[in-house]
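Q: Let me give you the structure first, and then I'll get to my questions.
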Amino acid sequence: MAFDFFMKGRAPEAPKDRLPPGQYLTKGWPVLHYGDVPRVQLSTWTFRVWGLVARPQEWTYEQFLALGHAAVTCDIHCVTRWSKFDNTFEGVPFRKVLEAVQPLPDARFVMVHAEHGFTTNVPLADLDRDDVLFAHKHNGAELTPEHGWPLRLVVPHLYFWKSAKWVRGLEFRAEDAPGFWESYGYHMRGDPWQEQRYWGD
């Protein structure tokens with residue numbers, strides 16, 4: 001397990017209406033992940049959607065980015081208790097993917113698949129929002145590989161482990177099931193304002 005922290009100090013006191021309970025504000029952007037940073041070849045990279053959808057899809061990187069573009073400015077909150085304010089992510093809105101694949105009525109959950117077999121589960125209702133996107137840029141620059149380039153999911157209102165790095169696909173499901181960290185005791189949903197960090201929270 002590799003957890004690399006690149007902290008540049010804590011920021012000044014944060015307004016309580018933006019900082020969830022148990023969190024502290026940081027100026028930097030800590031790097032946390034399990035395993036090695038993958039070596040990605042865009043020439044062979046694909047993004048696949050399957051499961052309970054009317055139109056299963058598989059896109060190249062260029063085709064995926066062509067689905068649409070949006071910029072979202074948001075705060076992010078990590079289950080390890082740091083928060084970072086005013087991040088601007090750019091990428092493909094999640095709703096553009098929904099338009100393309102057309103989820104079936106029974107689809108209520110999504111298993112997000114990423115490099116190295118990593119997964120995380122998210123209710124479809126938490127993904128079908130204006131501020132959820134697949135990002136390739138942060139604050140005007142391409143994401144670094146350590147932060148998820150070439151593509152990471154961004155779900156601002158949930159703890160940031162749900163915003164999977166190096167994302168490669170979506171599996172639409174009728175029933176919920178634990179992803180990687182969830183199977184080790186992390187909460188199935190992960191709402192920072194409810195402090196849903198682990199099972200039983």
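Identifiers in this document derive from the order of the structure tokens: chains are assigned A, B, ..., residues are numbered from 1 separately in each chain, and ligands are numbered from 1 in order of occurrence.
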Which polymer residues have any atom within 10 Å of an atom of segment 112-127 of chain A, counting only C-alpha atoms, with same-chain residues fewer than 4 positions away left out, as a PyMOL selection string?

A: chain A and resi 34-40+47-49+93-95+98+103+107-108+131-133+148+151-158+161-183+188-190

Q: Please, could you write that set of residues out with C-alpha atoms as a compact mmCIF listing (two decimals), in the first residue's frame?

A:
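The new file again-v4.txt reads:
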```
# COMPACT_ATOMS: atom_id res chain seq x y z
CA TYR A 34 -3.07 2.15 -3.72
CA GLY A 35 -0.30 0.58 -5.80
CA ASP A 36 1.77 2.13 -8.56
CA VAL A 37 0.84 4.94 -10.91
CA PRO A 38 -0.18 3.18 -14.15
CA ARG A 39 1.69 3.78 -17.39
CA VAL A 40 -1.03 4.72 -19.85
CA PHE A 47 -13.46 3.72 -22.08
CA ARG A 48 -16.21 1.10 -21.93
CA VAL A 49 -19.78 1.25 -20.60
CA PRO A 93 -19.94 15.91 -18.02
CA PHE A 94 -21.27 12.64 -16.64
CA ARG A 95 -24.67 13.44 -18.12
CA LEU A 98 -25.79 9.06 -19.75
CA PRO A 103 -29.51 3.63 -18.67
CA ALA A 107 -30.19 0.77 -13.29
CA ARG A 108 -29.75 2.31 -9.83
CA ASP A 131 -21.25 19.04 -11.22
CA VAL A 132 -20.11 15.43 -11.82
CA LEU A 133 -17.63 14.97 -14.66
CA GLY A 148 -5.38 10.49 -12.29
CA LEU A 151 -9.04 10.69 -16.84
CA ARG A 152 -10.50 10.73 -13.36
CA LEU A 153 -14.05 10.83 -12.13
CA VAL A 154 -14.97 13.86 -10.01
CA VAL A 155 -17.94 13.55 -7.63
CA PRO A 156 -17.52 16.67 -5.48
CA HIS A 157 -20.23 16.01 -2.90
CA LEU A 158 -18.85 12.60 -1.81
CA TRP A 161 -12.06 8.13 -2.93
CA LYS A 162 -15.32 7.89 -4.91
CA SER A 163 -13.68 10.15 -7.54
CA ALA A 164 -11.66 7.28 -8.97
CA LYS A 165 -8.35 8.01 -10.69
CA TRP A 166 -7.39 6.44 -14.02
CA VAL A 167 -11.01 5.54 -14.74
CA ARG A 168 -11.65 3.20 -17.67
CA GLY A 169 -15.29 2.16 -17.55
CA LEU A 170 -18.73 2.04 -15.96
CA GLU A 171 -20.92 -0.94 -15.16
CA PHE A 172 -24.59 -0.06 -14.62
CA ARG A 173 -26.29 -2.34 -12.07
CA ALA A 174 -29.64 -2.90 -10.39
CA GLU A 175 -28.08 -3.82 -7.03
CA ASP A 176 -25.32 -2.19 -5.05
CA ALA A 177 -22.06 -4.02 -4.41
CA PRO A 178 -18.85 -2.93 -2.64
CA GLY A 179 -15.92 -1.69 -4.66
CA PHE A 180 -12.26 -2.02 -3.66
CA TRP A 181 -12.10 0.23 -0.58
CA GLU A 182 -15.69 -0.51 0.35
CA SER A 183 -14.81 -4.19 0.65
CA MET A 188 -20.86 2.32 0.72
CA ARG A 189 -21.85 5.95 -0.05
CA GLY A 190 -19.37 8.33 1.60
```

Q: Considering only C-alpha atoms, can you say which of A:Asp201, A:His138, A:Leu104, A:Thr44 comes closest to Gly185 of chain A?

A: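 Ranking A:Asp201, A:His138, A:Leu104, A:Thr44 by distance to Gly185 of chain A, first place goes to A:Asp201.
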
Q: If you measure from atom CA of Ala100 of chain A to atom CA of Glu146 of chain A, what distance in Å do you get, rounded to one decimal?

A: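 If I compute the distance from atom CA of Ala100 of chain A to atom CA of Glu146 of chain A, I get 29.1 Å.
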
Q: Could you give me the residues within segment 29-190 of chain A that DSSP places in alpha helix (DSSP H), as a PyMOL selection string?

A: chain A and resi 61-65+94-101+124-127

Q: Need to verify the contact set: segment 67-71 of chain A, 7 Å, only C-alpha atoms, exclusion of same-chain residues closer than 6 positions in sequence. Can you return it as an MDAnalysis selection string?

A: chainID A and resid 88:93 96

Q: Would you mind reading off the distance between atom CA of Met111 of chain A and atom CA of Gln63 of chain A, one decimal, in Å?

A: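 Computing it gives 21.7 Å between the two atoms.
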
Q: Pick out the residues sitting within 10 Å of Pro105 of chain A, and hand them over as a short mmCIF file (atom, residue, chain, number, x, y, z; two decimals) with C-alpha atoms, in the first residue's frame; count only C-alpha atoms, and ignore anything fewer than 5 positions along from it in its own chain.

A:
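Everything below was put into part-v2.cif:
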```cif
data_model
loop_
_atom_site.label_atom_id
_atom_site.label_comp_id
_atom_site.auth_asym_id
_atom_site.auth_seq_id
_atom_site.Cartn_x
_atom_site.Cartn_y
_atom_site.Cartn_z
CA LEU A 52 -28.04 -2.10 -17.67
CA VAL A 53 -27.84 0.37 -20.56
CA ALA A 54 -29.69 0.47 -23.85
CA ALA A 174 -29.64 -2.90 -10.39
#
```

Q: Compare A:Trp149, A:Phe64, A:Phe109, A:Phe85 by their minimum atom-to-atom distance to Gly51 of chain A, counting only C-alpha atoms, and give me the closest one.

A: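 The closest residue to Gly51 of chain A is A:Phe109.
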
Q: Could you give me, as a list of chain:residue names, the residues within 10 Å of Leu42 of chain A, counting only C-alpha atoms and dropping anything in the same chain fewer than 3 positions from it?

A: A:Arg39, A:Trp45, A:Thr46, A:Thr60, A:Tyr61, A:Glu62, A:Pro150

Q: Would you pick out the contacts of His77 of chain A at 12 Å or less, using only C-alpha atoms, so that residues sharing its chain but fewer than 2 positions from it are not included, and give the list as a PyMOL selection string?

A: chain A and resi 18-26+29-30+74-75+79-87+154-163+190-193+195-197

Q: Using Å and a single decimal, report how far atom CA of His136 of chain A sits from atom CA of Cys78 of chain A.

A: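 Between these atoms lies a distance of 19.3 Å.
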